[in-house]
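Okay, work21.csv now, which holds CSV, C-alpha atoms:
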```csv
chain,number,residue,atom,x,y,z
P,251,MET,CA,-124.2,6.0,107.7
P,252,ILE,CA,-127.3,7.9,107.1
P,253,THR,CA,-130.3,6.6,109.1
P,254,PRO,CA,-133.8,7.8,108.6
P,255,LEU,CA,-134.7,9.0,112.0
P,256,HIS,CA,-137.8,9.2,114.0
P,257,SER,CA,-137.5,11.9,116.6
P,258,SER,CA,-138.5,9.7,119.5
P,259,LEU,CA,-135.4,7.5,119.0
P,260,GLY,CA,-133.3,10.4,120.1
P,261,ASP,CA,-129.5,10.0,120.4
P,262,ARG,CA,-129.7,6.2,120.4
P,263,ALA,CA,-130.3,6.1,116.7
P,264,ARG,CA,-127.6,8.6,115.8
P,265,PRO,CA,-124.4,6.6,115.5
P,266,CYS,CA,-122.1,9.6,115.3
P,267,LEU,CA,-123.4,11.0,118.6
P,268,LYS,CA,-123.4,7.6,120.2
P,269,LYS,CA,-119.7,7.3,119.5
P,270,LYS,CA,-119.1,10.7,121.1
P,271,LYS,CA,-120.8,9.7,124.3
P,272,GLU,CA,-118.9,6.4,124.7
P,273,SER,CA,-115.5,8.1,124.2
P,274,GLY,CA,-116.6,10.4,127.0
P,275,TRP,CA,-113.2,12.0,127.6
P,276,ALA,CA,-112.8,13.4,124.1
P,277,TRP,CA,-116.4,14.6,124.0
P,278,TRP,CA,-115.9,16.5,127.3
P,279,PHE,CA,-112.9,18.3,125.9
P,280,THR,CA,-115.0,20.1,123.4
P,281,LEU,CA,-117.2,21.5,126.1
P,282,VAL,CA,-114.5,22.7,128.5
P,283,ILE,CA,-110.8,23.4,128.2
P,284,PRO,CA,-109.1,21.1,130.7
P,285,VAL,CA,-107.4,23.3,133.4
P,286,LEU,CA,-106.6,23.0,137.0
P,287,GLY,CA,-109.0,25.0,139.2
P,288,ARG,CA,-106.4,27.5,140.3
P,289,LEU,CA,-106.5,31.3,140.5
P,290,ARG,CA,-103.8,31.7,137.8
P,291,ALA,CA,-105.9,29.6,135.4
P,292,GLN,CA,-108.7,32.0,136.0
P,293,THR,CA,-106.7,35.1,135.0
P,294,ILE,CA,-105.4,33.3,132.0
P,295,MET,CA,-108.9,32.3,130.9
P,296,LYS,CA,-110.2,35.8,131.4
P,297,ALA,CA,-107.5,37.1,129.1
P,298,ARG,CA,-108.4,34.5,126.5
P,299,LEU,CA,-112.0,35.4,126.6
P,300,LYS,CA,-111.1,39.0,126.1
P,301,GLY,CA,-108.9,38.0,123.1
P,302,ALA,CA,-111.7,35.9,121.5
P,303,GLN,CA,-114.2,38.7,121.9
P,304,THR,CA,-111.9,41.3,120.3
P,305,GLY,CA,-111.2,38.9,117.5
P,306,ARG,CA,-114.8,38.2,116.9
P,307,ASN,CA,-115.6,42.0,116.7
P,308,LEU,CA,-112.8,42.6,114.2
P,309,LEU,CA,-114.0,39.8,112.0
P,310,LYS,CA,-117.5,41.1,112.1
P,311,LYS,CA,-116.3,44.5,111.0
P,312,LYS,CA,-114.4,42.8,108.1
P,313,SER,CA,-117.5,40.9,107.1
P,314,ASP,CA,-119.6,44.0,107.1
P,315,ALA,CA,-117.1,45.9,104.9
P,316,LEU,CA,-117.0,43.0,102.5
P,317,THR,CA,-120.8,42.7,102.4
P,318,LEU,CA,-121.2,46.3,101.7
P,319,ARG,CA,-118.8,46.1,98.7
P,320,PHE,CA,-120.6,43.0,97.6
P,321,ARG,CA,-123.9,44.7,97.4
P,322,GLN,CA,-122.5,47.6,95.5
P,323,ILE,CA,-120.9,45.3,93.0
P,324,LEU,CA,-124.1,43.3,92.6
P,325,LYS,CA,-126.1,46.5,91.9
P,326,LYS,CA,-123.5,47.5,89.3
P,327,ILE,CA,-123.6,44.1,87.7
P,328,ILE,CA,-127.3,44.1,87.2
P,329,GLU,CA,-127.1,47.6,85.7
P,330,THR,CA,-124.3,46.6,83.4
P,331,LYS,CA,-126.0,43.5,82.3
P,332,MET,CA,-129.1,45.4,81.3
P,333,LEU,CA,-126.9,47.8,79.4
P,334,MET,CA,-125.1,44.9,77.8
P,335,GLY,CA,-128.4,43.5,76.6
P,336,LYS,CA,-129.1,46.8,74.7
P,337,VAL,CA,-125.6,47.1,73.3
P,338,MET,CA,-125.7,43.5,72.0
P,339,ARG,CA,-129.0,44.1,70.3
P,340,GLU,CA,-127.6,47.1,68.6
P,341,ALA,CA,-124.5,45.2,67.5
P,342,ALA,CA,-126.7,42.3,66.2
P,343,PHE,CA,-128.8,44.8,64.2
P,344,SER,CA,-125.7,46.3,62.6
P,345,LEU,CA,-124.5,42.8,61.7
P,346,ALA,CA,-127.8,42.1,59.9
P,347,GLU,CA,-127.5,45.4,58.1
P,348,ALA,CA,-123.9,44.6,57.0
P,349,LYS,CA,-124.9,41.1,55.9
P,350,PHE,CA,-127.6,42.6,53.8
P,351,THR,CA,-125.3,44.9,52.0
P,352,ALA,CA,-122.0,43.0,52.0
P,353,GLY,CA,-123.3,39.5,51.6
P,354,ASP,CA,-122.3,36.6,53.7
P,355,PHE,CA,-118.8,37.3,55.0
P,356,SER,CA,-119.0,35.0,58.0
P,357,THR,CA,-116.9,32.3,56.5
P,358,THR,CA,-114.2,34.6,55.3
P,359,VAL,CA,-114.0,36.2,58.7
P,360,ILE,CA,-113.7,32.9,60.5
P,361,GLN,CA,-111.0,31.6,58.1
P,362,ASN,CA,-108.9,34.7,58.4
P,363,VAL,CA,-108.4,34.5,62.1
P,364,ASN,CA,-104.8,35.0,63.0
P,365,LYS,CA,-103.9,37.2,66.0
P,366,ALA,CA,-106.2,38.9,68.4
P,367,GLN,CA,-106.1,42.7,68.5
P,368,VAL,CA,-107.9,43.0,71.8
P,369,LYS,CA,-106.5,41.3,74.8
P,370,ILE,CA,-107.0,41.6,78.5
P,371,ARG,CA,-104.8,42.0,81.5
P,372,ALA,CA,-105.6,40.9,85.0
P,373,LYS,CA,-104.7,43.4,87.8
P,374,LYS,CA,-105.2,43.1,91.5
P,375,ASP,CA,-107.5,45.2,93.6
P,376,ASN,CA,-107.7,45.1,97.4
P,377,VAL,CA,-110.8,45.4,99.5
P,378,ALA,CA,-110.6,44.9,103.3
P,379,GLY,CA,-107.7,42.5,102.9
P,380,VAL,CA,-109.2,40.5,100.0
P,381,THR,CA,-107.4,40.7,96.7
P,382,LEU,CA,-109.8,40.9,93.8
P,383,PRO,CA,-108.8,40.3,90.2
P,384,VAL,CA,-109.7,43.1,87.8
P,385,PHE,CA,-109.6,42.9,84.0
P,386,GLU,CA,-108.3,45.7,81.7
P,387,HIS,CA,-108.5,45.5,78.0
P,388,TYR,CA,-105.8,46.8,75.7
P,389,HIS,CA,-105.2,46.8,71.9
P,390,GLU,CA,-102.2,45.5,70.1
P,391,GLY,CA,-101.4,44.8,66.6
P,392,THR,CA,-103.3,45.9,63.5
P,393,ASP,CA,-106.8,45.2,62.4
P,394,SER,CA,-106.7,41.9,60.4
P,395,TYR,CA,-110.1,42.7,58.8
P,396,GLU,CA,-109.1,45.9,57.1
P,397,LEU,CA,-109.7,44.4,53.7
P,398,THR,CA,-113.0,42.8,54.5
P,399,GLY,CA,-115.9,44.7,53.0
P,400,LEU,CA,-113.7,46.4,50.5
P,401,ALA,CA,-115.9,45.3,47.7
P,402,ARG,CA,-119.2,46.3,49.2
P,403,GLY,CA,-120.8,47.4,52.4
P,404,GLY,CA,-117.6,48.9,53.7
P,405,GLU,CA,-119.4,51.5,55.8
P,406,GLN,CA,-121.8,49.0,57.4
P,407,LEU,CA,-118.8,46.8,58.2
P,408,ALA,CA,-116.9,49.7,59.8
P,409,LYS,CA,-120.0,50.5,61.9
P,410,LEU,CA,-120.3,46.8,62.8
P,411,LYS,CA,-116.7,46.7,63.9
P,412,ARG,CA,-117.1,49.7,66.1
P,413,ASN,CA,-120.3,48.3,67.7
P,414,TYR,CA,-118.7,45.1,68.5
P,415,ALA,CA,-115.6,46.8,69.8
P,416,LYS,CA,-117.8,48.8,72.2
P,417,ALA,CA,-119.6,45.6,73.2
P,418,VAL,CA,-116.2,44.0,74.0
P,419,GLU,CA,-115.2,46.9,76.2
P,420,LEU,CA,-118.4,46.7,78.1
P,421,LEU,CA,-118.1,42.9,78.5
P,422,VAL,CA,-114.6,43.2,79.8
P,423,GLU,CA,-115.9,45.6,82.5
P,424,LEU,CA,-118.7,43.2,83.3
P,425,ALA,CA,-116.2,40.3,83.6
P,426,SER,CA,-114.2,42.2,86.2
P,427,LEU,CA,-117.3,42.9,88.2
P,428,GLN,CA,-118.3,39.3,88.0
P,429,THR,CA,-114.9,37.9,89.1
P,430,SER,CA,-114.9,40.4,92.1
P,431,PHE,CA,-118.4,39.2,92.9
P,432,VAL,CA,-117.4,35.5,93.0
P,433,THR,CA,-114.3,36.2,95.0
P,434,LEU,CA,-116.1,38.3,97.5
P,435,ASP,CA,-118.8,35.7,97.8
P,436,GLU,CA,-116.2,33.2,98.9
P,437,ALA,CA,-114.4,35.6,101.2
P,438,ILE,CA,-117.6,36.6,102.9
P,439,LYS,CA,-118.6,32.9,103.5
P,440,ILE,CA,-115.3,32.2,105.0
P,441,THR,CA,-115.3,35.2,107.3
P,442,ASN,CA,-118.8,34.6,108.4
P,443,ARG,CA,-117.9,31.0,109.2
P,444,ARG,CA,-115.1,32.1,111.4
P,445,VAL,CA,-117.3,34.7,113.2
P,446,ASN,CA,-119.8,32.0,113.9
P,447,ALA,CA,-117.2,29.5,115.0
P,448,ILE,CA,-115.8,32.0,117.5
P,449,GLU,CA,-119.2,33.1,118.7
P,450,HIS,CA,-120.9,29.7,119.1
P,451,VAL,CA,-118.0,27.4,119.9
P,452,ILE,CA,-114.9,29.1,121.3
P,453,ILE,CA,-116.4,31.8,123.5
P,454,PRO,CA,-119.0,29.5,125.1
P,455,ARG,CA,-116.2,27.0,125.7
P,456,ILE,CA,-114.1,29.6,127.5
P,457,GLU,CA,-117.0,30.9,129.5
P,458,ARG,CA,-117.9,27.3,130.6
P,459,THR,CA,-114.2,26.8,131.6
P,460,LEU,CA,-114.3,30.0,133.6
P,461,ALA,CA,-117.5,28.9,135.4
P,462,TYR,CA,-115.9,25.6,136.1
P,463,ILE,CA,-112.8,27.2,137.6
P,464,ILE,CA,-114.9,29.5,139.8
P,465,THR,CA,-116.9,26.5,141.0
P,466,GLU,CA,-113.7,24.7,141.8
P,467,LEU,CA,-112.3,27.6,143.7
P,468,ASP,CA,-115.6,28.0,145.7
P,469,GLU,CA,-115.6,24.3,146.4
P,470,ARG,CA,-112.1,24.5,147.8
P,471,GLU,CA,-113.1,27.4,150.0
P,472,ARG,CA,-116.0,25.5,151.3
P,473,GLU,CA,-113.8,22.5,152.0
P,474,GLU,CA,-111.5,24.6,154.1
P,475,PHE,CA,-114.3,26.2,156.0
P,476,TYR,CA,-116.0,22.8,156.6
P,477,ARG,CA,-112.7,21.3,157.7
P,478,LEU,CA,-112.2,24.1,160.2
P,479,LYS,CA,-115.7,23.7,161.6
P,480,LYS,CA,-115.3,20.0,162.0
P,481,ILE,CA,-112.0,20.4,163.8
P,482,GLN,CA,-113.5,22.9,166.2
P,483,GLU,CA,-116.4,20.6,166.9
P,484,LYS,CA,-114.1,17.6,167.5
P,485,LYS,CA,-112.0,19.7,169.9
P,486,LYS,CA,-115.1,20.7,171.7
P,487,ILE,CA,-116.3,17.2,172.0
P,488,LEU,CA,-112.9,15.9,173.2
P,489,LYS,CA,-112.7,18.7,175.8
P,490,GLU,CA,-116.1,17.9,177.2
P,491,LYS,CA,-115.3,14.2,177.3
P,492,SER,CA,-112.1,14.7,179.2
P,493,GLU,CA,-113.8,17.0,181.8
P,494,LYS,CA,-116.5,14.5,182.4
P,495,ASP,CA,-113.9,11.9,182.9
P,496,LEU,CA,-112.2,14.1,185.5
P,497,GLU,CA,-115.4,14.6,187.4
P,498,HIS,CA,-116.0,10.9,187.6
P,499,ARG,CA,-112.6,10.0,188.9
P,500,ARG,CA,-112.8,12.8,191.5
P,501,ALA,CA,-116.1,11.6,192.6
P,502,ALA,CA,-114.8,8.0,192.9
P,503,GLY,CA,-111.9,9.2,195.0
P,504,GLU,CA,-109.3,7.7,192.7
P,505,LEU,CA,-107.8,10.9,192.0
P,506,LEU,CA,-104.8,11.6,194.1
P,507,GLU,CA,-103.8,15.1,194.5
P,508,PRO,CA,-100.3,15.5,193.4
P,509,ALA,CA,-97.8,16.2,196.2
P,510,ASN,CA,-97.7,19.8,197.4
P,511,LEU,CA,-94.1,20.7,198.0
P,512,LEU,CA,-95.0,23.7,200.1
P,513,ALA,CA,-97.2,21.8,202.6
P,514,GLU,CA,-95.5,21.0,206.0
P,515,GLU,CA,-95.0,17.3,206.3
P,516,LYS,CA,-92.8,14.9,208.1
P,517,ASP,CA,-90.1,13.8,205.8
P,518,GLU,CA,-88.7,10.3,206.7
P,519,ASP,CA,-85.5,10.8,205.0
P,520,LEU,CA,-84.4,13.4,207.5
P,521,LEU,CA,-81.9,11.6,209.9
P,522,PHE,CA,-81.6,14.4,212.4
P,523,GLU,CA,-84.7,16.0,213.9
F,99,MET,CA,-99.6,38.6,85.5
F,100,ALA,CA,-99.9,42.3,84.5
F,101,GLY,CA,-97.7,41.9,81.4
F,102,ARG,CA,-98.9,38.9,79.6
F,103,GLY,CA,-102.3,39.5,78.0
F,104,LYS,CA,-105.1,37.0,78.1
F,105,LEU,CA,-107.6,36.3,75.4
F,106,ILE,CA,-111.4,36.5,75.2
F,107,ALA,CA,-113.0,33.3,74.0
F,108,VAL,CA,-116.4,33.0,72.4
F,109,ILE,CA,-118.8,30.1,72.2
F,110,GLY,CA,-121.8,31.1,70.2
F,111,ASP,CA,-123.9,30.9,67.0
F,112,GLU,CA,-122.4,32.0,63.7
F,113,ASP,CA,-123.5,35.6,63.9
F,114,THR,CA,-122.3,36.2,67.4
F,115,VAL,CA,-118.9,34.7,66.6
F,116,THR,CA,-118.5,36.6,63.4
F,117,GLY,CA,-119.4,39.9,65.1
F,118,PHE,CA,-116.9,39.4,67.9
F,119,LEU,CA,-114.2,38.2,65.5
F,120,LEU,CA,-114.7,41.5,63.6
F,121,GLY,CA,-114.3,43.2,67.0
F,122,GLY,CA,-110.8,41.7,67.0
F,123,ILE,CA,-110.7,39.0,69.7
F,124,GLY,CA,-110.0,35.9,67.5
F,125,GLU,CA,-106.7,34.2,67.7
F,126,LEU,CA,-105.1,30.8,66.8
F,127,ASN,CA,-102.6,29.6,69.3
F,128,LYS,CA,-99.4,27.7,68.7
F,129,ASN,CA,-101.3,24.5,67.9
F,130,ARG,CA,-103.7,26.3,65.6
F,131,HIS,CA,-106.4,25.9,68.1
F,132,PRO,CA,-108.9,28.8,67.9
F,133,ASN,CA,-110.3,30.6,70.9
F,134,PHE,CA,-113.8,30.4,69.6
F,135,LEU,CA,-116.5,27.8,68.7
F,136,VAL,CA,-119.3,28.2,66.3
F,137,VAL,CA,-122.3,26.3,67.5
F,138,GLU,CA,-124.6,25.2,64.8
F,139,LYS,CA,-127.8,23.2,64.8
F,140,ASP,CA,-126.0,19.9,64.5
F,141,THR,CA,-123.3,20.6,67.2
F,142,THR,CA,-123.6,18.1,70.0
F,143,ILE,CA,-123.8,19.0,73.6
F,144,ASN,CA,-120.7,16.9,74.3
F,145,GLU,CA,-118.7,19.0,71.8
F,146,ILE,CA,-119.8,22.2,73.4
F,147,GLU,CA,-119.0,20.9,76.9
F,148,ASP,CA,-115.6,19.6,75.7
F,149,THR,CA,-114.6,22.9,74.2
F,150,PHE,CA,-115.8,24.8,77.3
F,151,ARG,CA,-113.7,22.6,79.5
F,152,GLN,CA,-110.7,23.0,77.2
F,153,PHE,CA,-111.1,26.8,77.4
F,154,LEU,CA,-111.2,26.6,81.2
F,155,HIS,CA,-108.0,24.6,81.2
F,156,ARG,CA,-106.1,26.9,78.9
F,157,ASP,CA,-104.2,29.4,80.9
F,158,ASP,CA,-104.2,32.1,78.2
F,159,ILE,CA,-108.0,32.7,78.3
F,160,GLY,CA,-109.3,35.2,80.7
F,161,ILE,CA,-112.9,35.6,79.7
F,162,ILE,CA,-115.3,33.2,78.1
F,163,LEU,CA,-118.4,34.6,76.3
F,164,ILE,CA,-121.2,32.2,75.8
F,165,ASN,CA,-124.7,32.7,74.3
F,166,GLN,CA,-127.3,32.2,76.9
F,167,TYR,CA,-129.2,29.5,75.1
F,168,ILE,CA,-126.0,27.5,74.7
F,169,ALA,CA,-125.3,28.1,78.4
F,170,GLU,CA,-128.6,26.5,79.2
F,171,MET,CA,-127.5,23.4,77.4
F,172,VAL,CA,-124.3,23.0,79.4
F,173,ARG,CA,-125.6,24.6,82.6
F,174,HIS,CA,-124.1,21.8,84.8
F,175,ALA,CA,-120.6,22.5,83.5
F,176,LEU,CA,-121.0,26.2,84.1
F,177,ASP,CA,-122.3,25.8,87.6
F,178,ALA,CA,-119.4,23.5,88.4
F,179,HIS,CA,-116.9,26.2,87.6
F,180,GLN,CA,-116.3,28.0,90.9
F,181,HIS,CA,-113.0,29.8,90.1
F,182,SER,CA,-113.0,33.5,89.4
F,183,ILE,CA,-110.7,33.2,86.4
F,184,PRO,CA,-111.6,32.6,83.6
F,185,ALA,CA,-114.8,34.7,84.0
F,186,VAL,CA,-117.8,33.2,82.2
F,187,LEU,CA,-120.2,35.8,80.8
F,188,GLU,CA,-123.6,34.9,79.4
F,189,ILE,CA,-124.6,37.1,76.4
F,190,PRO,CA,-127.9,37.2,74.5
F,191,SER,CA,-128.2,36.0,71.0
F,192,LYS,CA,-130.3,37.3,68.1
F,193,GLU,CA,-133.2,34.9,68.7
F,194,HIS,CA,-133.0,34.8,72.5
F,195,PRO,CA,-132.9,38.1,74.4
F,196,TYR,CA,-131.2,38.3,77.7
F,197,ASP,CA,-132.9,36.7,80.6
F,198,ALA,CA,-131.6,37.6,84.0
F,199,ALA,CA,-133.3,34.8,85.8
F,200,LYS,CA,-131.2,32.1,84.0
F,201,ASP,CA,-127.8,33.7,84.6
F,202,SER,CA,-125.5,31.4,86.7
F,203,ILE,CA,-124.0,34.3,88.5
F,204,LEU,CA,-127.2,36.2,89.3
F,205,ARG,CA,-128.8,33.0,90.6
F,206,ARG,CA,-126.3,32.9,93.4
F,207,ALA,CA,-127.4,36.3,94.6
F,208,ARG,CA,-131.1,35.5,94.4
F,209,GLY,CA,-132.8,36.6,97.5
F,210,MET,CA,-130.6,39.7,97.9
F,211,PHE,CA,-131.5,41.7,94.9
F,212,THR,CA,-133.7,41.1,91.8
F,213,ALA,CA,-133.5,43.1,88.6
F,214,GLU,CA,-137.0,44.5,89.3
F,215,ASP,CA,-135.9,46.0,92.6
F,216,LEU,CA,-133.4,48.2,90.9
F,217,ARG,CA,-135.4,49.4,87.9
```
Just give me the structure of the file as structure tokens.
Amino acid sequence: MITPLHSSLGDRARPCLKKKKESGWAWWFTLVIPVLGRLRAQTIMKARLKGAQTGRNLLKKKSDALTLRFRQILKKIIETKMLMGKVMREAAFSLAEAKFTAGDFSTTVIQNVNKAQVKIRAKKDNVAGVTLPVFEHYHEGTDSYELTGLARGGEQLAKLKRNYAKAVELLVELASLQTSFVTLDEAIKITNRRVNAIEHVIIPRIERTLAYIITELDEREREEFYRLKKIQEKKKILKEKSEKDLEHRRAAGELLEPANLLAEEKDEDLLFE
Amino acid sequence: MAGRGKLIAVIGDEDTVTGFLLGGIGELNKNRHPNFLVVEKDTTINEIEDTFRQFLHRDDIGIILINQYIAEMVRHALDAHQHSIPAVLEIPSKEHPYDAAKDSILRRARGMFTAEDLR
């Protein structure tokens, strides 16, 4: 659903975000990878961060290599297209000349189509891991228009054929450049998308998880520390309390000294004195 | 892929097609379908579009040459074609010289280079 938004409405008017906030658990997962806050998890996360960074750098290099080749091809395409404009003009002139001398042979030519003499092959070229198709033209079979223009205008027709053959070669080269251009365009888009995904989603996620683990570990330490302190305090209080108790009882005279075995006393149990 | 040859198709006015046929690219396939279309004043845009789509679907055509003024008429069909093969090349015709600003392919690279920068 697409709602026209006023910025003051904020997230309330964005149903897709609203859904994310309500299903809080799933939304949180995209921020931080769920791990226990242990030391081992920290080492694992560090290794993952390193891996993601290396991957991102490699992909960036690939993207740079592809972009470089892309610009070279683009430059060549523009040059070749300008050249093609000229060659086509020449060919069109020679066609007009031939028409002037040989009369209108268009219909005969179109009727006599049989097999093509010029065909193209597609080969594969490789740039930074991207396969590009490249066209190569080749001749096969005989010229089916050998007899055209036999009556008149033979030389103009021969010139015409040569011009158009030249044009075809140039156009095949141009087609190769164009296909490489289109393929590289796609490849560059995909690579850049991956670089951005790693840079803006995966690496921040890992960094946030690392920060979370560190805070958890710190928290545990502080808990232990706090617990120790509290226990010490409690012990101190207990000790003070029991001493005070002792004092009171001594002062009240309730306290009996325990019997001293070493003191001389009359023992009633003795039968003979 | 390297062995089987592919054809060059042409969609253009009579002169362009004649010239290229003399260059030797014309062929009739098994069903007597030609790999070219002569566009005259009374050829409808639908016909041109249909032939273009047919050429795209045929797997024995590697390149499609099309006059630029005809390409303008079926620009939407050209822009929808995103694959690298068959390659679609826009060529000038006698009356309409080549205009780099209208070319489908060069439009994608607008902002990176213009023809004037490289002159």
Residues of chain P within 7 Å of chain F, using only C-alpha atoms, as a PyMOL selection string?
chain P and resi 328+335+342+345+356+359-360+363-373+395+411+414-415+425+429+432-433
Excluding same-chain residues fewer than 6 positions from Asn376 in chain P, what lies within 12 Å of it counting only C-alpha atoms, as an mmCIF file with C-alpha atoms, keeping the file's coordinate frame?
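Result file follows (out-v2.cif):
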```
data_model
loop_
_atom_site.group_PDB
_atom_site.id
_atom_site.type_symbol
_atom_site.label_atom_id
_atom_site.label_comp_id
_atom_site.auth_asym_id
_atom_site.auth_seq_id
_atom_site.Cartn_x
_atom_site.Cartn_y
_atom_site.Cartn_z
ATOM 1 C CA LEU P 316 -117.000 43.000 102.500
ATOM 2 C CA ARG P 319 -118.800 46.100 98.700
ATOM 3 C CA LEU P 382 -109.800 40.900 93.800
ATOM 4 C CA PRO P 383 -108.800 40.300 90.200
ATOM 5 C CA VAL P 384 -109.700 43.100 87.800
ATOM 6 C CA SER P 430 -114.900 40.400 92.100
ATOM 7 C CA THR P 433 -114.300 36.200 95.000
ATOM 8 C CA LEU P 434 -116.100 38.300 97.500
#
```
Please identify all polymer residues lying at most 12 Å from the point (-117.9, 46.4, 77.9) (file coordinates), using all atoms listed in the file, and present the result as a ChimeraX atom specification.
/P:327,330-338,370,385-387,413-427 /F:121,163,187,189
Would you mind exporting C-alpha atoms of the selected residues as a PDB file, in the coordinates of the input?
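And here's part.pdb as it stands now:
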```pdb
ATOM      1  CA  ILE P 327    -123.600  44.100  87.700  1.00  0.00           C
ATOM      2  CA  THR P 330    -124.300  46.600  83.400  1.00  0.00           C
ATOM      3  CA  LYS P 331    -126.000  43.500  82.300  1.00  0.00           C
ATOM      4  CA  MET P 332    -129.100  45.400  81.300  1.00  0.00           C
ATOM      5  CA  LEU P 333    -126.900  47.800  79.400  1.00  0.00           C
ATOM      6  CA  MET P 334    -125.100  44.900  77.800  1.00  0.00           C
ATOM      7  CA  GLY P 335    -128.400  43.500  76.600  1.00  0.00           C
ATOM      8  CA  LYS P 336    -129.100  46.800  74.700  1.00  0.00           C
ATOM      9  CA  VAL P 337    -125.600  47.100  73.300  1.00  0.00           C
ATOM     10  CA  MET P 338    -125.700  43.500  72.000  1.00  0.00           C
ATOM     11  CA  ILE P 370    -107.000  41.600  78.500  1.00  0.00           C
ATOM     12  CA  PHE P 385    -109.600  42.900  84.000  1.00  0.00           C
ATOM     13  CA  GLU P 386    -108.300  45.700  81.700  1.00  0.00           C
ATOM     14  CA  HIS P 387    -108.500  45.500  78.000  1.00  0.00           C
ATOM     15  CA  ASN P 413    -120.300  48.300  67.700  1.00  0.00           C
ATOM     16  CA  TYR P 414    -118.700  45.100  68.500  1.00  0.00           C
ATOM     17  CA  ALA P 415    -115.600  46.800  69.800  1.00  0.00           C
ATOM     18  CA  LYS P 416    -117.800  48.800  72.200  1.00  0.00           C
ATOM     19  CA  ALA P 417    -119.600  45.600  73.200  1.00  0.00           C
ATOM     20  CA  VAL P 418    -116.200  44.000  74.000  1.00  0.00           C
ATOM     21  CA  GLU P 419    -115.200  46.900  76.200  1.00  0.00           C
ATOM     22  CA  LEU P 420    -118.400  46.700  78.100  1.00  0.00           C
ATOM     23  CA  LEU P 421    -118.100  42.900  78.500  1.00  0.00           C
ATOM     24  CA  VAL P 422    -114.600  43.200  79.800  1.00  0.00           C
ATOM     25  CA  GLU P 423    -115.900  45.600  82.500  1.00  0.00           C
ATOM     26  CA  LEU P 424    -118.700  43.200  83.300  1.00  0.00           C
ATOM     27  CA  ALA P 425    -116.200  40.300  83.600  1.00  0.00           C
ATOM     28  CA  SER P 426    -114.200  42.200  86.200  1.00  0.00           C
ATOM     29  CA  LEU P 427    -117.300  42.900  88.200  1.00  0.00           C
TER      30      LEU P 427
ATOM     31  CA  GLY F 121    -114.300  43.200  67.000  1.00  0.00           C
ATOM     32  CA  LEU F 163    -118.400  34.600  76.300  1.00  0.00           C
ATOM     33  CA  LEU F 187    -120.200  35.800  80.800  1.00  0.00           C
ATOM     34  CA  ILE F 189    -124.600  37.100  76.400  1.00  0.00           C
TER      35      ILE F 189
END
```
Gap from CA of Thr465 in chain P to CA of Met295 in chain P - Å, one decimal
14.1 Å
May I ask which of the residues P:Lys311, P:Arg455, P:Lys374, P:Lys409 is the closest one to Glu347 in chain P, counting all atoms listed in the file?
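For Glu347 in chain P, the nearest of the given residues is P:Lys409.
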Using all atoms listed in the file, determine which residues lie at most 9 Å from Lys312 in chain P, disregarding the query and same-chain residues fewer than 3 positions distant; provide the list as number ranges by chain.
P: 307-309, 315-317, 378-379, 438, 441
Could those residues be written to a file, using C-alpha atoms, as a PDB file, keeping the file's coordinate frame?
```pdb
ATOM      1  CA  ASN P 307    -115.600  42.000 116.700  1.00  0.00           C
ATOM      2  CA  LEU P 308    -112.800  42.600 114.200  1.00  0.00           C
ATOM      3  CA  LEU P 309    -114.000  39.800 112.000  1.00  0.00           C
ATOM      4  CA  ALA P 315    -117.100  45.900 104.900  1.00  0.00           C
ATOM      5  CA  LEU P 316    -117.000  43.000 102.500  1.00  0.00           C
ATOM      6  CA  THR P 317    -120.800  42.700 102.400  1.00  0.00           C
ATOM      7  CA  ALA P 378    -110.600  44.900 103.300  1.00  0.00           C
ATOM      8  CA  GLY P 379    -107.700  42.500 102.900  1.00  0.00           C
ATOM      9  CA  ILE P 438    -117.600  36.600 102.900  1.00  0.00           C
ATOM     10  CA  THR P 441    -115.300  35.200 107.300  1.00  0.00           C
TER      11      THR P 441
END
```
One-decimal distance in Å that lies between CA of Ala175 in chain F and CA of Asp148 in chain F
9.7 Å
Once N, CA and C atoms are restored for range 319-325 of chain P, what would the output be as a PDB file, in the coordinates of the input?
```
ATOM      1  N   ARG P 319    -119.361  46.083 100.085  1.00  0.00           N
ATOM      2  CA  ARG P 319    -118.800  46.100  98.700  1.00  0.00           C
ATOM      3  C   ARG P 319    -119.506  45.154  97.826  1.00  0.00           C
ATOM      4  N   PHE P 320    -119.859  43.999  98.354  1.00  0.00           N
ATOM      5  CA  PHE P 320    -120.600  43.000  97.600  1.00  0.00           C
ATOM      6  C   PHE P 320    -121.866  43.482  97.045  1.00  0.00           C
ATOM      7  N   ARG P 321    -122.641  44.156  97.900  1.00  0.00           N
ATOM      8  CA  ARG P 321    -123.900  44.700  97.400  1.00  0.00           C
ATOM      9  C   ARG P 321    -123.732  45.739  96.364  1.00  0.00           C
ATOM     10  N   GLN P 322    -122.708  46.575  96.561  1.00  0.00           N
ATOM     11  CA  GLN P 322    -122.500  47.600  95.500  1.00  0.00           C
ATOM     12  C   GLN P 322    -122.161  46.959  94.197  1.00  0.00           C
ATOM     13  N   ILE P 323    -121.291  45.945  94.255  1.00  0.00           N
ATOM     14  CA  ILE P 323    -120.900  45.300  93.000  1.00  0.00           C
ATOM     15  C   ILE P 323    -122.112  44.616  92.362  1.00  0.00           C
ATOM     16  N   LEU P 324    -122.947  43.981  93.192  1.00  0.00           N
ATOM     17  CA  LEU P 324    -124.100  43.300  92.600  1.00  0.00           C
ATOM     18  C   LEU P 324    -125.001  44.279  91.895  1.00  0.00           C
ATOM     19  N   LYS P 325    -125.213  45.443  92.523  1.00  0.00           N
ATOM     20  CA  LYS P 325    -126.100  46.500  91.900  1.00  0.00           C
ATOM     21  C   LYS P 325    -125.467  46.852  90.538  1.00  0.00           C
TER      22      LYS P 325
END
```
